[in-house]
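Undergrad: Okay, handing you the structure first.
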Amino acid sequence: MRLIDTHTHLNVRGLHSELAQVLQRAKAAGVEKLVNIGFDIEASRYSAELAASHPQVYAAVGQHPHDTLGYSEAVEEELLLLLRQPKVVALGEIGLDYYRDYAPRELQRELFIRQLALAREVKLPVLIHSRDAAMETVEILRREGNRVGVMHCFSGSWEIAKLCLNLGFYISLAGPVTFPNARKLQEVARNVPLDRLLIETDCPWLAPQLYRGQRNEPAYVAEVAKKIAELRAMDSAELAEITSQNAEEALGLTMV
């Protein structure tokens with residue numbers, strides 16, 4: 001299978017110290033490209049550096065809602081510089097997290113809107129984190145006018161997915177779609193139009209069922225592809241190829 005993992009965090013939980021082996025295992029599993037994601041300025045710097053030094057790696061940079069309180073004018077200026085690097089393909093992950101509530105919700109909303117404006121300024125897609133904040137996320141995206149992006153590690157219902165699709169966003173599914181009791185996500189997997197579907201690991205978290213409880217890594221995105229193909233009664237290699245083409249189109253990935 002030709003696979004693209006559209007969301008990884010290779011700088012945490014030991015993945016960095018095993019980077020060569022992790023990338024080799026990914027290649028052996030068919031992962032041709034992957035996108036490493038920033039969640040604060042340090043992780044964003046790492047993502048940009050990783051993309052610059054590894055042909056198969058691309059980067060996204062941004063400030064996660066968990067790190068809202070660490071945002072500043074200096075951080076924003078550096079993000080703008082990073083966003084203009086050749087293999088930085090998106091702004092993210094950004095959004096709202098009302099599950100952990102590590103920052104006041106009003107400040108999360110302000111940062112989300114501010115970074116959406118940055119994405120429009122540099123004309124890049126956004127990677128959206130939304131947890132326990134689905135309708136407010138949709139309303140902000142509708143109001144702000146960003147129409148190019150990805151609903152990362154989607155965890156909502158098919159009804160919410162349809163609202164996101166209507167805004168022009170891609171739906172990206174991760175390891176939880178493989179869990180036996182994930183009926184809501186599996187309904188989404190069956191119904192998302194194939195040309196709007198992406199797959200990811202969100203590693204090192206959320207390992208698919210076969211590796212549940214273990215550290216996740218890019219090679220395991222193959223399990224996500226296999227499960228969605230099973231749910232849609234189609235060949236897994238075909239599903240992998242379609243989602244890879246979608247990732248290249250959604251994020252402008254080209255081999256360098």
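Every chain in the structure tokens takes a letter, A first, then B, and so on in the order presented; its residues are numbered from 1, and the ligands are numbered from 1 following the presented order.
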Show which residues sit within 7 Å of Val138 in chain A, as a VMD selection string. Count only C-alpha atoms, and ignore same-chain residues fewer than 4 positions away.
TA: chain A and resid 134 142 164
Undergrad: Quick one: which range 118-197 of chain A residues come within 12 Å of range 53-77 of chain A, and what is the nearest atom pair for each with the distance in Å to one decimal, counting only C-alpha atoms, rows ordered by chain and ascending number, as JSON lines?
TA:
```
{"residue": "A:Leu118", "atom": "CA", "partner": "A:Glu76", "partner_atom": "CA", "distance": 8.8}
{"residue": "A:Ala119", "atom": "CA", "partner": "A:Gly62", "partner_atom": "CA", "distance": 9.8}
{"residue": "A:Leu124", "atom": "CA", "partner": "A:Ala60", "partner_atom": "CA", "distance": 9.8}
{"residue": "A:Pro125", "atom": "CA", "partner": "A:Ala60", "partner_atom": "CA", "distance": 9.5}
{"residue": "A:Val126", "atom": "CA", "partner": "A:Ala60", "partner_atom": "CA", "distance": 8.8}
{"residue": "A:Leu127", "atom": "CA", "partner": "A:Ala60", "partner_atom": "CA", "distance": 8.2}
{"residue": "A:Ile128", "atom": "CA", "partner": "A:His64", "partner_atom": "CA", "distance": 9.3}
{"residue": "A:His129", "atom": "CA", "partner": "A:His64", "partner_atom": "CA", "distance": 7.7}
{"residue": "A:Ser130", "atom": "CA", "partner": "A:Pro65", "partner_atom": "CA", "distance": 9.2}
{"residue": "A:Arg131", "atom": "CA", "partner": "A:Pro65", "partner_atom": "CA", "distance": 10.2}
{"residue": "A:Ala133", "atom": "CA", "partner": "A:Pro65", "partner_atom": "CA", "distance": 11.7}
{"residue": "A:Gly149", "atom": "CA", "partner": "A:Ala60", "partner_atom": "CA", "distance": 11.8}
{"residue": "A:Val150", "atom": "CA", "partner": "A:Ala60", "partner_atom": "CA", "distance": 11.8}
```
Undergrad: Each residue of range 108-199 of chain A lying at most 10 Å from range 2-9 of chain A should get a row with its shortest atom-to-atom pair and the distance in Å to one decimal, counting only C-alpha atoms; could you produce that, ordered by chain and increasing number, as a tab-separated table?
TA:
```
residue	atom	partner	partner_atom	distance
A:Leu127	CA	A:His7	CA	9.1
A:Val150	CA	A:Thr6	CA	9.4
A:His152	CA	A:His7	CA	7.6
A:Cys153	CA	A:His7	CA	8.4
A:Ser172	CA	A:Thr6	CA	8.1
A:Leu173	CA	A:Thr6	CA	9.8
A:Ala174	CA	A:His7	CA	9.0
A:Leu198	CA	A:Thr6	CA	7.3
A:Ile199	CA	A:Asp5	CA	6.2
```
Undergrad: Could you write out the selected residues, including all heavy atoms, as a PDB file, in the first residue's frame?
TA:
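Written out: again_11.pdb:
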```
ATOM      1  N   LEU A 127      -5.140  22.799  10.346  1.00  0.00           N
ATOM      2  CA  LEU A 127      -5.381  21.484  10.935  1.00  0.00           C
ATOM      3  C   LEU A 127      -6.086  21.716  12.264  1.00  0.00           C
ATOM      4  O   LEU A 127      -5.513  22.322  13.173  1.00  0.00           O
ATOM      5  CB  LEU A 127      -4.068  20.735  11.142  1.00  0.00           C
ATOM      6  CG  LEU A 127      -3.156  20.643   9.919  1.00  0.00           C
ATOM      7  CD1 LEU A 127      -1.894  19.861  10.259  1.00  0.00           C
ATOM      8  CD2 LEU A 127      -3.879  20.021   8.732  1.00  0.00           C
ATOM      9  N   VAL A 150      -8.289  20.549   7.521  1.00  0.00           N
ATOM     10  CA  VAL A 150      -8.516  19.159   7.922  1.00  0.00           C
ATOM     11  C   VAL A 150      -9.071  19.136   9.337  1.00  0.00           C
ATOM     12  O   VAL A 150      -8.524  19.797  10.237  1.00  0.00           O
ATOM     13  CB  VAL A 150      -7.186  18.364   7.893  1.00  0.00           C
ATOM     14  CG1 VAL A 150      -7.420  16.922   8.346  1.00  0.00           C
ATOM     15  CG2 VAL A 150      -6.564  18.411   6.504  1.00  0.00           C
ATOM     16  N   HIS A 152      -8.772  17.206  12.159  1.00  0.00           N
ATOM     17  CA  HIS A 152      -7.791  16.207  12.580  1.00  0.00           C
ATOM     18  C   HIS A 152      -8.380  15.262  13.638  1.00  0.00           C
ATOM     19  O   HIS A 152      -9.132  15.685  14.526  1.00  0.00           O
ATOM     20  CB  HIS A 152      -6.562  16.945  13.105  1.00  0.00           C
ATOM     21  CG  HIS A 152      -5.970  16.417  14.361  1.00  0.00           C
ATOM     22  ND1 HIS A 152      -5.318  15.201  14.427  1.00  0.00           N
ATOM     23  CD2 HIS A 152      -5.909  16.940  15.612  1.00  0.00           C
ATOM     24  CE1 HIS A 152      -4.881  15.005  15.666  1.00  0.00           C
ATOM     25  NE2 HIS A 152      -5.235  16.040  16.405  1.00  0.00           N
ATOM     26  N   CYS A 153      -8.023  13.965  13.512  1.00  0.00           N
ATOM     27  CA  CYS A 153      -8.457  12.943  14.475  1.00  0.00           C
ATOM     28  C   CYS A 153      -9.940  13.125  14.810  1.00  0.00           C
ATOM     29  O   CYS A 153     -10.327  13.228  15.976  1.00  0.00           O
ATOM     30  CB  CYS A 153      -7.606  13.001  15.740  1.00  0.00           C
ATOM     31  SG  CYS A 153      -7.745  11.539  16.782  1.00  0.00           S
ATOM     32  N   SER A 172     -10.280  13.577   8.801  1.00  0.00           N
ATOM     33  CA  SER A 172      -9.163  12.663   9.003  1.00  0.00           C
ATOM     34  C   SER A 172      -9.467  11.736  10.172  1.00  0.00           C
ATOM     35  O   SER A 172      -9.801  12.191  11.271  1.00  0.00           O
ATOM     36  CB  SER A 172      -7.882  13.453   9.291  1.00  0.00           C
ATOM     37  OG  SER A 172      -6.776  12.577   9.402  1.00  0.00           O
ATOM     38  N   LEU A 173      -9.343  10.432   9.927  1.00  0.00           N
ATOM     39  CA  LEU A 173      -9.634   9.421  10.936  1.00  0.00           C
ATOM     40  C   LEU A 173      -8.343   8.755  11.398  1.00  0.00           C
ATOM     41  O   LEU A 173      -7.424   8.536  10.606  1.00  0.00           O
ATOM     42  CB  LEU A 173     -10.604   8.381  10.386  1.00  0.00           C
ATOM     43  CG  LEU A 173     -11.983   8.923   9.979  1.00  0.00           C
ATOM     44  CD1 LEU A 173     -12.821   7.827   9.345  1.00  0.00           C
ATOM     45  CD2 LEU A 173     -12.709   9.539  11.170  1.00  0.00           C
ATOM     46  N   ALA A 174      -8.322   8.423  12.684  1.00  0.00           N
ATOM     47  CA  ALA A 174      -7.124   7.851  13.305  1.00  0.00           C
ATOM     48  C   ALA A 174      -7.458   6.518  13.951  1.00  0.00           C
ATOM     49  O   ALA A 174      -8.525   5.921  13.708  1.00  0.00           O
ATOM     50  CB  ALA A 174      -6.560   8.839  14.324  1.00  0.00           C
ATOM     51  N   LEU A 198      -9.168  11.470   4.851  1.00  0.00           N
ATOM     52  CA  LEU A 198      -7.740  11.334   5.140  1.00  0.00           C
ATOM     53  C   LEU A 198      -7.554  10.364   6.299  1.00  0.00           C
ATOM     54  O   LEU A 198      -8.501  10.095   7.050  1.00  0.00           O
ATOM     55  CB  LEU A 198      -7.120  12.682   5.525  1.00  0.00           C
ATOM     56  CG  LEU A 198      -7.197  13.805   4.489  1.00  0.00           C
ATOM     57  CD1 LEU A 198      -6.645  15.094   5.080  1.00  0.00           C
ATOM     58  CD2 LEU A 198      -6.449  13.433   3.223  1.00  0.00           C
ATOM     59  N   ILE A 199      -6.323   9.856   6.451  1.00  0.00           N
ATOM     60  CA  ILE A 199      -6.010   8.964   7.562  1.00  0.00           C
ATOM     61  C   ILE A 199      -4.756   9.467   8.269  1.00  0.00           C
ATOM     62  O   ILE A 199      -3.920  10.150   7.672  1.00  0.00           O
ATOM     63  CB  ILE A 199      -5.843   7.498   7.107  1.00  0.00           C
ATOM     64  CG1 ILE A 199      -4.790   7.370   6.013  1.00  0.00           C
ATOM     65  CG2 ILE A 199      -7.182   6.926   6.669  1.00  0.00           C
ATOM     66  CD1 ILE A 199      -4.504   5.933   5.601  1.00  0.00           C
TER      67      ILE A 199
END
```
Undergrad: If you measure from CA of Arg109 in chain A to CA of Asp132 in chain A, what distance in Å do you get, rounded to one decimal?
TA: 13.5 Å
Undergrad: Near range 158-163 of chain A, within 10 Å and counting only C-alpha atoms, which residues show up once chain neighbours fewer than 2 positions away are dropped, as an NGL selection string?
TA: :A and (134-135 or 138-139 or 142 or 151 or 154-156 or 165-171 or 184-192)
Undergrad: How many Å lie between CA of Pro176 in chain A and CA of Leu206 in chain A, rounded to one decimal?
TA: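 A separation of 6.5 Å between them.
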Undergrad: Go ahead and compute the interatomic distance for CA of Ser47 in chain A and CA of Lys87 in chain A, in Å to one decimal.
TA: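 It comes out at 9.7 Å.
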Undergrad: Output as a list in words all residues of range 74-149 of chain A that backbone DSSP marks as strand (DSSP E).
TA: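 Those residues are Val88, Val89, Ala90, Leu91, Gly92, Glu93, Ile94, Gly95, Leu96, Asp97, Val126, Leu127, Ile128, His129, Ser130, Arg131 and Gly149 of chain A.
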Undergrad: Next, dump the selected residues to file, keeping only all heavy atoms, as a short mmCIF file (atom, residue, chain, number, x, y, z; two decimals), in the first residue's frame.
TA:
```cif
data_model
loop_
_atom_site.label_atom_id
_atom_site.label_comp_id
_atom_site.auth_asym_id
_atom_site.auth_seq_id
_atom_site.Cartn_x
_atom_site.Cartn_y
_atom_site.Cartn_z
N VAL A 88 6.78 23.54 5.02
CA VAL A 88 5.72 23.76 6.02
C VAL A 88 4.43 23.95 5.23
O VAL A 88 4.26 24.91 4.50
CB VAL A 88 6.03 24.98 6.90
CG1 VAL A 88 4.85 25.28 7.82
CG2 VAL A 88 7.28 24.72 7.72
N VAL A 89 3.51 22.98 5.39
CA VAL A 89 2.37 22.89 4.48
C VAL A 89 1.04 23.29 5.10
O VAL A 89 0.02 23.35 4.41
CB VAL A 89 2.26 21.46 3.90
CG1 VAL A 89 3.47 21.13 3.04
CG2 VAL A 89 2.06 20.42 5.01
N ALA A 90 1.02 23.55 6.42
CA ALA A 90 -0.24 23.88 7.07
C ALA A 90 0.01 24.59 8.38
O ALA A 90 1.12 24.52 8.95
CB ALA A 90 -1.07 22.62 7.31
N LEU A 91 -1.02 25.24 8.90
CA LEU A 91 -0.98 25.84 10.22
C LEU A 91 -1.79 24.95 11.16
O LEU A 91 -2.98 24.73 10.95
CB LEU A 91 -1.57 27.25 10.18
CG LEU A 91 -1.20 28.17 11.36
CD1 LEU A 91 -1.44 29.63 10.99
CD2 LEU A 91 -1.98 27.84 12.62
N GLY A 92 -1.12 24.41 12.16
CA GLY A 92 -1.82 23.53 13.07
C GLY A 92 -0.87 22.78 13.98
O GLY A 92 0.35 22.83 13.79
N GLU A 93 -1.37 22.15 15.01
CA GLU A 93 -2.81 22.03 15.12
C GLU A 93 -3.36 23.14 16.00
O GLU A 93 -2.76 23.48 17.01
CB GLU A 93 -3.23 20.66 15.65
CG GLU A 93 -2.74 20.33 17.05
CD GLU A 93 -2.98 18.89 17.45
OE1 GLU A 93 -4.10 18.58 17.91
OE2 GLU A 93 -2.05 18.08 17.30
N ILE A 94 -4.50 23.66 15.63
CA ILE A 94 -5.13 24.76 16.34
C ILE A 94 -6.59 24.40 16.58
O ILE A 94 -7.13 23.50 15.95
CB ILE A 94 -5.02 26.07 15.55
CG1 ILE A 94 -5.79 25.97 14.21
CG2 ILE A 94 -3.57 26.43 15.29
CD1 ILE A 94 -5.85 27.28 13.44
N GLY A 95 -7.22 25.11 17.49
CA GLY A 95 -8.64 24.85 17.71
C GLY A 95 -9.09 25.09 19.12
O GLY A 95 -8.62 26.01 19.80
N LEU A 96 -9.99 24.23 19.59
CA LEU A 96 -10.60 24.36 20.91
C LEU A 96 -10.57 23.02 21.62
O LEU A 96 -10.84 21.98 21.00
CB LEU A 96 -12.06 24.81 20.78
CG LEU A 96 -12.33 26.12 20.06
CD1 LEU A 96 -13.83 26.33 19.87
CD2 LEU A 96 -11.71 27.31 20.78
N ASP A 97 -10.26 23.03 22.91
CA ASP A 97 -10.32 21.82 23.72
C ASP A 97 -11.02 22.14 25.04
O ASP A 97 -10.43 22.70 25.95
CB ASP A 97 -8.91 21.27 24.00
CG ASP A 97 -8.94 19.85 24.54
OD1 ASP A 97 -9.66 19.63 25.55
OD2 ASP A 97 -8.29 18.97 23.97
N VAL A 126 -5.55 24.77 7.38
CA VAL A 126 -5.48 24.67 8.84
C VAL A 126 -5.79 23.23 9.26
O VAL A 126 -6.59 22.55 8.63
CB VAL A 126 -6.44 25.64 9.53
CG1 VAL A 126 -5.93 27.06 9.41
CG2 VAL A 126 -7.87 25.53 8.96
N LEU A 127 -5.14 22.80 10.35
CA LEU A 127 -5.38 21.48 10.93
C LEU A 127 -6.09 21.72 12.26
O LEU A 127 -5.51 22.32 13.17
CB LEU A 127 -4.07 20.74 11.14
CG LEU A 127 -3.16 20.64 9.92
CD1 LEU A 127 -1.89 19.86 10.26
CD2 LEU A 127 -3.88 20.02 8.73
N ILE A 128 -7.32 21.22 12.37
CA ILE A 128 -8.19 21.61 13.47
C ILE A 128 -8.28 20.53 14.53
O ILE A 128 -8.61 19.37 14.25
CB ILE A 128 -9.61 21.92 12.94
CG1 ILE A 128 -9.57 23.01 11.87
CG2 ILE A 128 -10.54 22.32 14.09
CD1 ILE A 128 -9.02 24.32 12.33
N HIS A 129 -7.98 20.94 15.77
CA HIS A 129 -8.21 20.12 16.96
C HIS A 129 -9.51 20.60 17.59
O HIS A 129 -9.64 21.79 17.91
CB HIS A 129 -7.04 20.30 17.93
CG HIS A 129 -7.26 19.64 19.27
ND1 HIS A 129 -6.67 18.45 19.61
CD2 HIS A 129 -8.00 20.01 20.34
CE1 HIS A 129 -7.02 18.11 20.84
NE2 HIS A 129 -7.84 19.05 21.31
N SER A 130 -10.45 19.70 17.79
CA SER A 130 -11.71 20.06 18.44
C SER A 130 -12.13 18.93 19.36
O SER A 130 -12.38 17.81 18.90
CB SER A 130 -12.80 20.32 17.39
OG SER A 130 -14.02 20.64 18.00
N ARG A 131 -12.20 19.23 20.65
CA ARG A 131 -12.63 18.22 21.61
C ARG A 131 -13.68 18.81 22.55
O ARG A 131 -13.43 19.83 23.21
CB ARG A 131 -11.44 17.70 22.42
CG ARG A 131 -11.78 16.43 23.20
CD ARG A 131 -10.55 15.76 23.75
NE ARG A 131 -10.92 14.49 24.38
CZ ARG A 131 -10.11 13.77 25.14
NH1 ARG A 131 -8.87 14.16 25.33
NH2 ARG A 131 -10.53 12.64 25.69
N GLY A 149 -8.83 22.99 4.85
CA GLY A 149 -8.23 22.42 6.04
C GLY A 149 -8.71 21.02 6.35
O GLY A 149 -9.43 20.40 5.56
#
```
Undergrad: Residues within 10 Å of Glu238 in chain A, please, as a PyMOL selection string. Count only C-alpha atoms; anything in the same chain fewer than 6 positions from it doesn't count.
TA: chain A and resi 1-2+225+229+244
Undergrad: Which residues, written as a PyMOL selection string, have at least one atom at most 10 Å from Lys227 in chain A, with only C-alpha atoms counted and residues fewer than 5 positions away on the same chain left out?
TA: chain A and resi 175+177-179+186+189+208-209+222+232-233+236+239
Undergrad: Output C-alpha atoms of each residue in that selection to a file, as an mmCIF file, in the first residue's frame.
TA:
```
data_model
loop_
_atom_site.group_PDB
_atom_site.id
_atom_site.type_symbol
_atom_site.label_atom_id
_atom_site.label_comp_id
_atom_site.auth_asym_id
_atom_site.auth_seq_id
_atom_site.Cartn_x
_atom_site.Cartn_y
_atom_site.Cartn_z
ATOM 1 C CA GLY A 175 -6.685 4.718 15.439
ATOM 2 C CA VAL A 177 -11.937 4.079 14.225
ATOM 3 C CA THR A 178 -10.478 0.561 14.665
ATOM 4 C CA PHE A 179 -11.833 0.133 18.212
ATOM 5 C CA GLN A 186 -17.344 3.826 11.975
ATOM 6 C CA ALA A 189 -15.895 6.170 8.013
ATOM 7 C CA PRO A 208 -5.086 1.226 16.607
ATOM 8 C CA GLN A 209 -6.732 -1.841 18.105
ATOM 9 C CA ALA A 222 -1.811 0.939 7.706
ATOM 10 C CA ARG A 232 -16.508 0.301 3.117
ATOM 11 C CA ALA A 233 -16.144 -3.187 1.583
ATOM 12 C CA SER A 236 -7.337 -1.646 1.375
ATOM 13 C CA LEU A 239 -8.380 3.033 0.017
#
```
Undergrad: DSSP on the backbone, alpha helix (DSSP H) only: what residues of range 88-182 of chain A does that give? Format it as a ChimeraX atom specification.
TA: /A:105-122,134-144,158-166
Undergrad: Could you check which of A:Ala240, A:Glu49, A:Val22, A:Phe112 is closest to Thr137 in chain A, using only C-alpha atoms?
TA: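 Of the candidates, the smallest distance to Thr137 in chain A is held by A:Phe112.
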Undergrad: Kindly indicate which residue among A:Gly252, A:Gly213, A:Pro204, A:Pro86 lies nearest to Gly14 in chain A, using only C-alpha atoms for the distances.
TA: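 Under the stated criterion, the closest residue is A:Pro204.
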Undergrad: Go through A:Thr254, A:Asn216, A:Ser17, A:Gln115 and flag the residue nearest Val35 in chain A, using only C-alpha atoms for the distances.
TA: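 Answer, going by the shortest atom-to-atom distance: A:Thr254.
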Undergrad: Residues near Asn146 in chain A, anyone? I mean within 7 Å using only C-alpha atoms, not counting same-chain ones fewer than 5 positions away, as a PyMOL selection string.
TA: chain A and resi 116+120+141
